[in-house]
Amino acid sequence: MKMYKYLTFITVLVLVCNGSADILNFSGGDKSNYTFPKEFFFGVSTAAIQIEGAWNEDGKTESIWDHLIHTNPDFVRDRSNPDVAADSYHLYKRDAEMVHELGVDIYRFSISWPRILPTGLANEVNPLGILYYKNLINELVKYNITPMVTIYHWDLPQKLQDIGGWTNAHIVDYYTDYANVLFANFADKVKYWVTFNEPMQTCLEGYGGTYRAPALDRHGIAEYLCTHNLLKAHASAYHLFDQQYRPTYGGKIGMSLDSNWAEPKANTSKDKAAAELYLQTHVGWYAHPVYSAEGNYPPDLIRLVDEKSRQQNYTRSRLPKFSPEEVVYIRGTADFFGLNHYTTYMLSMADGEVGKIPSHENDIGIVRVQDASWPSMSSSSWLKVVPFGFRRLLRWITKEYNNVPIIVTENGYADFSGVHDDARVSYYSHYLNALLHAIHEDNSSVIGYFAWSLMDNFEWDDGYVSRFGLYLVDFKSPNKTRTAKDSARLYASVVSSRGLPADYDPEDFTAFSAASKLVPTVLPVLPLLPLYRLIL
Ligand code: NOJ
């Protein structure tokens, strides 16, 4: 009896003291017999520079990532580079076969701009580049796999960076020309197009910071210029496709945005506002202009950047403005919302100035942290396993953007390698369970899901240390041998059964280490234990 009371007391303490996670529902849903709807589709994703290799073969020129790493090898954790990567340029037939083995419906891959247009401009189209992607597409179609093409997954031709890259307003035309070449050559067989992958990484981290190429670090200015041009380029490609290609070939076109879920750090109105502000000024920075009913940048972003710019004595706001015509031109330019999601953060308002001055971080003035006790043993330190965050984010997007069809274009887990990848099996099980609950209980409008990634690949600044693949790639072997991991079998079984395996346990997080069982907030309350005597 006493023990029972003690446990009840602990539970109450945990719930009272825990302002963030709904601990009883951490996994995003209980065990259920939900299955994925009939028309729901599954896929796997990759990106050109992360798998292709052949960085200077058959006419391809340097991308900004090739350039950054060739000139600064220390940028990458293991000083590796993507020169050869998984050698998919030569091994694409095996890649298509693996997609087929998984039994999925769609393969999402990206096209390398400098492989198609070595000068960056459409004056010279590289026939061998076109041939490579035609061959890959034909190989997929042979297996009845639908190709989904990401037009831009971060690998801008260095020649365009030399003239300002995404901060040069002419890039809107250059990008549209490039997209036009792709539509003209591939739209007969490619039925899904993604204009941009994670544009916030390109602009915020690449132009405003140093985490992504071109690592410009022109914070407070360049991330806003980059975003402005990029959104116009997106809309321009959408209209081109819609008017000139869709009538003949059909197909859908959208954008893939990255978003963490934002949980208020404490259960206070201030922290709730911080979490909402995070979503509005991060994923909303790109989503609001395209997916909201009113279009344009989110009002909070406009207000905050305008205000700060005034205080900082700038002649005009650092945030460029869309004309009313541009707002209309950009609004509604997507058939689906591509979402890349991996993890969750907790948000609170900053006490004083945060980040570099000026910068997007400083303009917004919020602080994000992760709960150290959230499960994870990932090689990517940011990748905490928080399935309920996935579910909440899907509900937020569905509501915020008026039931837009969501395609989860990326979701996955990184480890240090190995075919018996229990942690990845567990991650996918929990996130797919959360997704099933999102669909069936919250009416979140999700129509498809892609695992990141088909195979181990070049993970940017993490090089080959962080492995995201369903297939292990032996990067040391001359033919880059690919071997299915346990997670590949798990995913294939979900795809074929359209539900989770019978032995799935929503409360089991042991694969992420014994220490990270579901008791995240018990430890901080231990000093209060003597109090229980007063109550009992
Ligand atoms: C997002 C990116 O689109 C992809 O390139 C990257 O490898 C994964 N996330 C994992 O970090």
# chains A, B, ... in the order shown; residues from 1 in each chain; ligands from 1

$ select_by_dssp --residues "region 113-150 of chain A" --states "strand (DSSP E)" --output "PDB file with N, CA and C atoms, in the first residue's frame"
ATOM      1  N   THR A 146       7.756   5.039 -58.953  1.00  0.00           N
ATOM      2  CA  THR A 146       7.542   6.415 -59.424  1.00  0.00           C
ATOM      3  C   THR A 146       8.729   7.286 -59.017  1.00  0.00           C
ATOM      4  N   PRO A 147       9.331   8.005 -59.972  1.00  0.00           N
ATOM      5  CA  PRO A 147      10.433   8.891 -59.593  1.00  0.00           C
ATOM      6  C   PRO A 147       9.914  10.225 -59.047  1.00  0.00           C
ATOM      7  N   MET A 148      10.505  10.670 -57.938  1.00  0.00           N
ATOM      8  CA  MET A 148      10.253  12.028 -57.421  1.00  0.00           C
ATOM      9  C   MET A 148      11.586  12.771 -57.477  1.00  0.00           C
ATOM     10  N   VAL A 149      11.608  13.912 -58.140  1.00  0.00           N
ATOM     11  CA  VAL A 149      12.872  14.629 -58.312  1.00  0.00           C
ATOM     12  C   VAL A 149      12.920  15.886 -57.447  1.00  0.00           C
ATOM     13  N   THR A 150      13.988  16.000 -56.665  1.00  0.00           N
ATOM     14  CA  THR A 150      14.274  17.267 -55.988  1.00  0.00           C
ATOM     15  C   THR A 150      15.164  18.063 -56.942  1.00  0.00           C
TER      16      THR A 150
END

$ residues_around --residues "Pro299 (chain A)" --least-positions-apart "4" --cutoff "9 Å" --atoms "only C-alpha atoms" --output "mmCIF file with all heavy atoms, in the first residue's frame"
data_model
loop_
_atom_site.group_PDB
_atom_site.id
_atom_site.type_symbol
_atom_site.label_atom_id
_atom_site.label_comp_id
_atom_site.auth_asym_id
_atom_site.auth_seq_id
_atom_site.Cartn_x
_atom_site.Cartn_y
_atom_site.Cartn_z
ATOM 1 N N GLN A 280 6.451 29.839 -36.423
ATOM 2 C CA GLN A 280 6.086 30.877 -37.393
ATOM 3 C C GLN A 280 7.307 31.454 -38.099
ATOM 4 O O GLN A 280 7.247 31.772 -39.293
ATOM 5 C CB GLN A 280 5.322 32.018 -36.699
ATOM 6 C CG GLN A 280 3.932 31.642 -36.216
ATOM 7 C CD GLN A 280 2.964 31.335 -37.358
ATOM 8 O OE1 GLN A 280 3.206 31.655 -38.516
ATOM 9 N NE2 GLN A 280 1.854 30.694 -37.025
ATOM 10 N N ARG A 303 7.385 42.111 -38.369
ATOM 11 C CA ARG A 303 7.396 43.048 -37.230
ATOM 12 C C ARG A 303 8.767 43.029 -36.531
ATOM 13 O O ARG A 303 9.372 44.075 -36.310
ATOM 14 C CB ARG A 303 6.292 42.633 -36.249
ATOM 15 C CG ARG A 303 6.194 43.469 -34.978
ATOM 16 C CD ARG A 303 5.036 42.985 -34.087
ATOM 17 N NE ARG A 303 5.083 41.560 -33.758
ATOM 18 C CZ ARG A 303 5.853 41.009 -32.827
ATOM 19 N NH1 ARG A 303 6.640 41.771 -32.107
ATOM 20 N NH2 ARG A 303 5.836 39.701 -32.598
ATOM 21 N N LEU A 304 9.267 41.833 -36.244
ATOM 22 C CA LEU A 304 10.500 41.739 -35.455
ATOM 23 C C LEU A 304 11.721 42.249 -36.222
ATOM 24 O O LEU A 304 12.542 42.979 -35.668
ATOM 25 C CB LEU A 304 10.726 40.287 -35.011
ATOM 26 C CG LEU A 304 9.763 39.794 -33.920
ATOM 27 C CD1 LEU A 304 9.847 38.278 -33.762
ATOM 28 C CD2 LEU A 304 10.071 40.488 -32.590
#

$ select_by_dssp --residues "region 62-95 of chain A" --states "helix (DSSP H, G or I)" --output "PyMOL selection string"
chain A and resi 64-71+73-75+88-95

$ residues_around --residues "region 462-472 of chain A" --least-positions-apart "5" --cutoff "9 Å" --atoms "only C-alpha atoms" --output "PyMOL selection string"
chain A and resi 75-82+85+98+378-380+412-419+424+451-457+481-489+491

$ write_last_selection --atoms "N, CA, C and O atoms" --output "compact mmCIF listing (two decimals), in the first residue's frame"
# COMPACT_ATOMS: atom_id res chain seq x y z
N PHE A 75 36.38 21.17 -42.60
CA PHE A 75 34.94 21.40 -42.42
C PHE A 75 34.24 20.10 -42.04
O PHE A 75 33.22 20.11 -41.35
N VAL A 76 34.79 18.97 -42.50
CA VAL A 76 34.11 17.68 -42.33
C VAL A 76 34.73 16.90 -41.17
O VAL A 76 35.95 16.81 -41.05
N ARG A 77 33.88 16.36 -40.33
CA ARG A 77 34.27 15.66 -39.08
C ARG A 77 35.38 14.63 -39.29
O ARG A 77 36.29 14.54 -38.48
N ASP A 78 35.29 13.83 -40.36
CA ASP A 78 36.32 12.81 -40.58
C ASP A 78 37.24 13.20 -41.75
O ASP A 78 37.90 12.36 -42.33
N ARG A 79 37.22 14.47 -42.12
CA ARG A 79 38.03 15.03 -43.23
C ARG A 79 37.79 14.26 -44.53
O ARG A 79 38.67 14.14 -45.38
N SER A 80 36.61 13.72 -44.68
CA SER A 80 36.28 13.01 -45.92
C SER A 80 35.64 14.01 -46.89
O SER A 80 35.48 15.19 -46.57
N ASN A 81 35.30 13.49 -48.07
CA ASN A 81 34.63 14.37 -49.05
C ASN A 81 33.65 13.53 -49.88
O ASN A 81 33.68 12.30 -49.83
N PRO A 82 32.80 14.20 -50.64
CA PRO A 82 31.82 13.45 -51.43
C PRO A 82 32.31 13.14 -52.86
O PRO A 82 31.48 12.86 -53.73
N ALA A 85 31.75 9.16 -52.78
CA ALA A 85 30.56 8.84 -51.99
C ALA A 85 30.14 7.38 -52.18
O ALA A 85 30.99 6.48 -52.12
N MET A 98 17.56 -1.92 -55.02
CA MET A 98 17.31 -1.84 -53.57
C MET A 98 15.96 -1.20 -53.28
O MET A 98 15.24 -1.64 -52.39
N SER A 378 22.34 8.76 -30.90
CA SER A 378 22.65 9.01 -32.31
C SER A 378 24.05 9.61 -32.48
O SER A 378 24.53 10.36 -31.62
N SER A 379 24.64 9.30 -33.63
CA SER A 379 25.90 9.92 -34.01
C SER A 379 25.69 11.41 -34.31
O SER A 379 26.63 12.19 -34.31
N SER A 380 24.45 11.80 -34.60
CA SER A 380 24.13 13.22 -34.79
C SER A 380 23.58 13.72 -33.46
O SER A 380 22.47 13.36 -33.05
N GLY A 412 14.24 9.98 -40.33
CA GLY A 412 15.19 8.89 -40.14
C GLY A 412 16.13 9.13 -38.97
O GLY A 412 16.02 10.14 -38.26
N TYR A 413 17.04 8.20 -38.79
CA TYR A 413 17.89 8.18 -37.59
C TYR A 413 19.33 7.85 -38.00
O TYR A 413 19.56 7.00 -38.86
N ALA A 414 20.28 8.51 -37.33
CA ALA A 414 21.69 8.28 -37.64
C ALA A 414 22.38 7.49 -36.55
O ALA A 414 22.17 7.75 -35.36
N ASP A 415 23.22 6.53 -36.95
CA ASP A 415 24.07 5.83 -35.98
C ASP A 415 25.49 5.76 -36.53
O ASP A 415 25.79 6.39 -37.55
N PHE A 416 26.33 5.01 -35.83
CA PHE A 416 27.73 4.94 -36.26
C PHE A 416 28.00 3.75 -37.18
O PHE A 416 29.13 3.36 -37.34
N SER A 417 26.98 3.12 -37.70
CA SER A 417 27.12 2.03 -38.66
C SER A 417 26.85 0.65 -38.05
O SER A 417 26.87 0.47 -36.83
N GLY A 418 26.59 -0.29 -38.96
CA GLY A 418 26.28 -1.67 -38.55
C GLY A 418 24.96 -2.13 -39.14
O GLY A 418 24.04 -1.32 -39.29
N VAL A 419 24.89 -3.43 -39.47
CA VAL A 419 23.65 -3.93 -40.08
C VAL A 419 22.58 -4.25 -39.03
O VAL A 419 21.40 -4.27 -39.34
N ARG A 424 17.75 2.28 -34.99
CA ARG A 424 17.00 2.78 -36.16
C ARG A 424 15.67 2.05 -36.29
O ARG A 424 14.65 2.67 -36.61
N ALA A 451 11.46 7.45 -46.04
CA ALA A 451 12.53 7.26 -45.08
C ALA A 451 13.80 7.90 -45.62
O ALA A 451 14.12 7.77 -46.81
N TRP A 452 14.52 8.60 -44.75
CA TRP A 452 15.86 9.07 -45.09
C TRP A 452 16.84 8.18 -44.33
O TRP A 452 16.84 8.21 -43.11
N SER A 453 17.58 7.32 -45.02
CA SER A 453 17.81 7.38 -46.43
C SER A 453 17.89 5.96 -46.99
O SER A 453 18.05 5.01 -46.23
N LEU A 454 17.80 5.83 -48.29
CA LEU A 454 17.92 4.51 -48.89
C LEU A 454 19.22 3.83 -48.43
O LEU A 454 19.22 2.66 -48.08
N MET A 455 20.31 4.58 -48.43
CA MET A 455 21.60 3.95 -48.08
C MET A 455 22.48 4.95 -47.33
O MET A 455 22.23 6.16 -47.39
N ASP A 456 23.49 4.46 -46.66
CA ASP A 456 24.48 5.33 -46.02
C ASP A 456 25.04 6.27 -47.07
O ASP A 456 25.24 5.88 -48.24
N ASN A 457 25.32 7.48 -46.65
CA ASN A 457 25.82 8.45 -47.63
C ASN A 457 26.65 9.53 -46.96
O ASN A 457 26.89 9.48 -45.76
N THR A 481 29.95 -1.90 -51.71
CA THR A 481 28.94 -2.94 -51.48
C THR A 481 27.80 -2.42 -50.60
O THR A 481 28.04 -1.78 -49.57
N ARG A 482 26.59 -2.73 -51.00
CA ARG A 482 25.41 -2.34 -50.24
C ARG A 482 24.80 -3.59 -49.60
O ARG A 482 24.59 -4.59 -50.29
N THR A 483 24.46 -3.49 -48.29
CA THR A 483 23.85 -4.62 -47.58
C THR A 483 22.64 -4.13 -46.79
O THR A 483 22.74 -3.13 -46.07
N ALA A 484 21.54 -4.86 -46.91
CA ALA A 484 20.33 -4.46 -46.18
C ALA A 484 20.56 -4.56 -44.67
O ALA A 484 21.13 -5.53 -44.18
N LYS A 485 20.13 -3.54 -43.94
CA LYS A 485 20.20 -3.57 -42.46
C LYS A 485 18.88 -4.12 -41.93
O LYS A 485 17.89 -4.24 -42.66
N ASP A 486 18.83 -4.36 -40.63
CA ASP A 486 17.58 -4.81 -40.01
C ASP A 486 16.47 -3.78 -40.25
O ASP A 486 15.30 -4.13 -40.42
N SER A 487 16.83 -2.51 -40.25
CA SER A 487 15.81 -1.46 -40.46
C SER A 487 15.21 -1.55 -41.87
O SER A 487 14.04 -1.19 -42.06
N ALA A 488 15.97 -2.05 -42.83
CA ALA A 488 15.42 -2.22 -44.19
C ALA A 488 14.32 -3.27 -44.15
O ALA A 488 13.25 -3.12 -44.76
N ARG A 489 14.57 -4.33 -43.37
CA ARG A 489 13.55 -5.39 -43.26
C ARG A 489 12.32 -4.87 -42.52
O ARG A 489 11.19 -5.15 -42.89
N TYR A 491 11.26 -1.77 -42.43
CA TYR A 491 10.53 -0.84 -43.31
C TYR A 491 9.77 -1.62 -44.38
O TYR A 491 8.60 -1.34 -44.66

$ atom_distance --atom1 "CA of Leu436 (chain A)" --atom2 "CA of Ile151 (chain A)"
29.5 Å

$ closest_residue --among "A:His219, A:Arg318, A:Arg395, A:His153" --to "ligand 1" --atoms "only C-alpha atoms and all ligand atoms"
A:His153

$ closest_atom_pairs --of "region 365-405 of chain A" --to "region 25-29 of chain A" --cutoff "10 Å" --atoms "only C-alpha atoms" --output "CSV"
residue,atom,partner,partner_atom,distance
A:Trp374,CA,A:Phe26,CA,9.8
A:Val385,CA,A:Ser27,CA,9.2
A:Val386,CA,A:Phe26,CA,7.0
A:Pro387,CA,A:Ser27,CA,5.2
A:Phe388,CA,A:Gly28,CA,3.8
A:Gly389,CA,A:Gly28,CA,7.5
A:Phe390,CA,A:Gly28,CA,7.8
A:Arg391,CA,A:Gly28,CA,6.2
A:Arg392,CA,A:Gly28,CA,8.4

$ write_last_selection --atoms "all heavy atoms" --output "PDB file, in the first residue's frame"
ATOM      1  N   TRP A 374      15.965  13.013 -23.093  1.00  0.00           N
ATOM      2  CA  TRP A 374      15.231  12.408 -24.202  1.00  0.00           C
ATOM      3  C   TRP A 374      16.107  11.319 -24.810  1.00  0.00           C
ATOM      4  O   TRP A 374      17.321  11.504 -24.954  1.00  0.00           O
ATOM      5  CB  TRP A 374      14.901  13.455 -25.273  1.00  0.00           C
ATOM      6  CG  TRP A 374      13.719  14.331 -24.921  1.00  0.00           C
ATOM      7  CD1 TRP A 374      12.757  14.086 -23.996  1.00  0.00           C
ATOM      8  CD2 TRP A 374      13.408  15.597 -25.508  1.00  0.00           C
ATOM      9  NE1 TRP A 374      11.849  15.123 -23.972  1.00  0.00           N
ATOM     10  CE2 TRP A 374      12.218  16.064 -24.888  1.00  0.00           C
ATOM     11  CE3 TRP A 374      13.997  16.390 -26.502  1.00  0.00           C
ATOM     12  CZ2 TRP A 374      11.615  17.273 -25.227  1.00  0.00           C
ATOM     13  CZ3 TRP A 374      13.403  17.592 -26.846  1.00  0.00           C
ATOM     14  CH2 TRP A 374      12.215  18.030 -26.213  1.00  0.00           C
ATOM     15  N   VAL A 385      15.201  11.410 -29.821  1.00  0.00           N
ATOM     16  CA  VAL A 385      14.046  10.637 -30.281  1.00  0.00           C
ATOM     17  C   VAL A 385      12.800  11.078 -29.504  1.00  0.00           C
ATOM     18  O   VAL A 385      12.661  10.784 -28.319  1.00  0.00           O
ATOM     19  CB  VAL A 385      14.313   9.133 -30.072  1.00  0.00           C
ATOM     20  CG1 VAL A 385      13.168   8.304 -30.626  1.00  0.00           C
ATOM     21  CG2 VAL A 385      15.632   8.738 -30.713  1.00  0.00           C
ATOM     22  N   VAL A 386      11.923  11.795 -30.188  1.00  0.00           N
ATOM     23  CA  VAL A 386      10.748  12.389 -29.524  1.00  0.00           C
ATOM     24  C   VAL A 386       9.523  12.186 -30.422  1.00  0.00           C
ATOM     25  O   VAL A 386       9.041  13.129 -31.069  1.00  0.00           O
ATOM     26  CB  VAL A 386      10.977  13.902 -29.262  1.00  0.00           C
ATOM     27  CG1 VAL A 386       9.911  14.453 -28.316  1.00  0.00           C
ATOM     28  CG2 VAL A 386      12.364  14.174 -28.703  1.00  0.00           C
ATOM     29  N   PRO A 387       8.989  10.974 -30.463  1.00  0.00           N
ATOM     30  CA  PRO A 387       7.920  10.687 -31.430  1.00  0.00           C
ATOM     31  C   PRO A 387       6.684  11.576 -31.292  1.00  0.00           C
ATOM     32  O   PRO A 387       6.068  11.947 -32.289  1.00  0.00           O
ATOM     33  CB  PRO A 387       7.556   9.229 -31.138  1.00  0.00           C
ATOM     34  CG  PRO A 387       8.644   8.684 -30.307  1.00  0.00           C
ATOM     35  CD  PRO A 387       9.379   9.795 -29.682  1.00  0.00           C
ATOM     36  N   PHE A 388       6.334  11.957 -30.062  1.00  0.00           N
ATOM     37  CA  PHE A 388       5.116  12.759 -29.928  1.00  0.00           C
ATOM     38  C   PHE A 388       5.262  14.102 -30.638  1.00  0.00           C
ATOM     39  O   PHE A 388       4.287  14.702 -31.068  1.00  0.00           O
ATOM     40  CB  PHE A 388       4.726  12.937 -28.449  1.00  0.00           C
ATOM     41  CG  PHE A 388       5.552  13.946 -27.690  1.00  0.00           C
ATOM     42  CD1 PHE A 388       5.234  15.295 -27.736  1.00  0.00           C
ATOM     43  CD2 PHE A 388       6.629  13.542 -26.910  1.00  0.00           C
ATOM     44  CE1 PHE A 388       5.990  16.230 -27.029  1.00  0.00           C
ATOM     45  CE2 PHE A 388       7.382  14.470 -26.206  1.00  0.00           C
ATOM     46  CZ  PHE A 388       7.071  15.815 -26.266  1.00  0.00           C
ATOM     47  N   GLY A 389       6.510  14.580 -30.770  1.00  0.00           N
ATOM     48  CA  GLY A 389       6.747  15.848 -31.468  1.00  0.00           C
ATOM     49  C   GLY A 389       6.353  15.762 -32.939  1.00  0.00           C
ATOM     50  O   GLY A 389       5.819  16.717 -33.517  1.00  0.00           O
ATOM     51  N   PHE A 390       6.616  14.612 -33.521  1.00  0.00           N
ATOM     52  CA  PHE A 390       6.251  14.387 -34.933  1.00  0.00           C
ATOM     53  C   PHE A 390       4.736  14.524 -35.090  1.00  0.00           C
ATOM     54  O   PHE A 390       4.237  15.235 -35.957  1.00  0.00           O
ATOM     55  CB  PHE A 390       6.711  12.985 -35.316  1.00  0.00           C
ATOM     56  CG  PHE A 390       6.561  12.606 -36.773  1.00  0.00           C
ATOM     57  CD1 PHE A 390       6.622  13.541 -37.791  1.00  0.00           C
ATOM     58  CD2 PHE A 390       6.386  11.255 -37.109  1.00  0.00           C
ATOM     59  CE1 PHE A 390       6.506  13.156 -39.121  1.00  0.00           C
ATOM     60  CE2 PHE A 390       6.268  10.861 -38.444  1.00  0.00           C
ATOM     61  CZ  PHE A 390       6.323  11.814 -39.438  1.00  0.00           C
ATOM     62  N   ARG A 391       4.028  13.861 -34.182  1.00  0.00           N
ATOM     63  CA  ARG A 391       2.566  13.879 -34.249  1.00  0.00           C
ATOM     64  C   ARG A 391       2.027  15.303 -34.080  1.00  0.00           C
ATOM     65  O   ARG A 391       1.145  15.740 -34.811  1.00  0.00           O
ATOM     66  CB  ARG A 391       2.015  12.948 -33.155  1.00  0.00           C
ATOM     67  CG  ARG A 391       0.513  12.909 -33.138  1.00  0.00           C
ATOM     68  CD  ARG A 391      -0.005  11.825 -32.225  1.00  0.00           C
ATOM     69  NE  ARG A 391      -1.439  11.979 -32.054  1.00  0.00           N
ATOM     70  CZ  ARG A 391      -2.179  11.261 -31.230  1.00  0.00           C
ATOM     71  NH1 ARG A 391      -1.610  10.316 -30.505  1.00  0.00           N
ATOM     72  NH2 ARG A 391      -3.466  11.469 -31.140  1.00  0.00           N
ATOM     73  N   ARG A 392       2.593  16.016 -33.112  1.00  0.00           N
ATOM     74  CA  ARG A 392       2.099  17.382 -32.870  1.00  0.00           C
ATOM     75  C   ARG A 392       2.414  18.308 -34.029  1.00  0.00           C
ATOM     76  O   ARG A 392       1.623  19.178 -34.376  1.00  0.00           O
ATOM     77  CB  ARG A 392       2.714  17.936 -31.584  1.00  0.00           C
ATOM     78  CG  ARG A 392       2.126  17.238 -30.389  1.00  0.00           C
ATOM     79  CD  ARG A 392       2.623  17.798 -29.086  1.00  0.00           C
ATOM     80  NE  ARG A 392       2.125  16.938 -28.019  1.00  0.00           N
ATOM     81  CZ  ARG A 392       2.395  17.087 -26.740  1.00  0.00           C
ATOM     82  NH1 ARG A 392       3.154  18.070 -26.343  1.00  0.00           N
ATOM     83  NH2 ARG A 392       1.895  16.254 -25.850  1.00  0.00           N
TER      84      ARG A 392
END

$ atom_distance --atom1 "CA of Tyr207 (chain A)" --atom2 "CA of Ser323 (chain A)"
23.6 Å
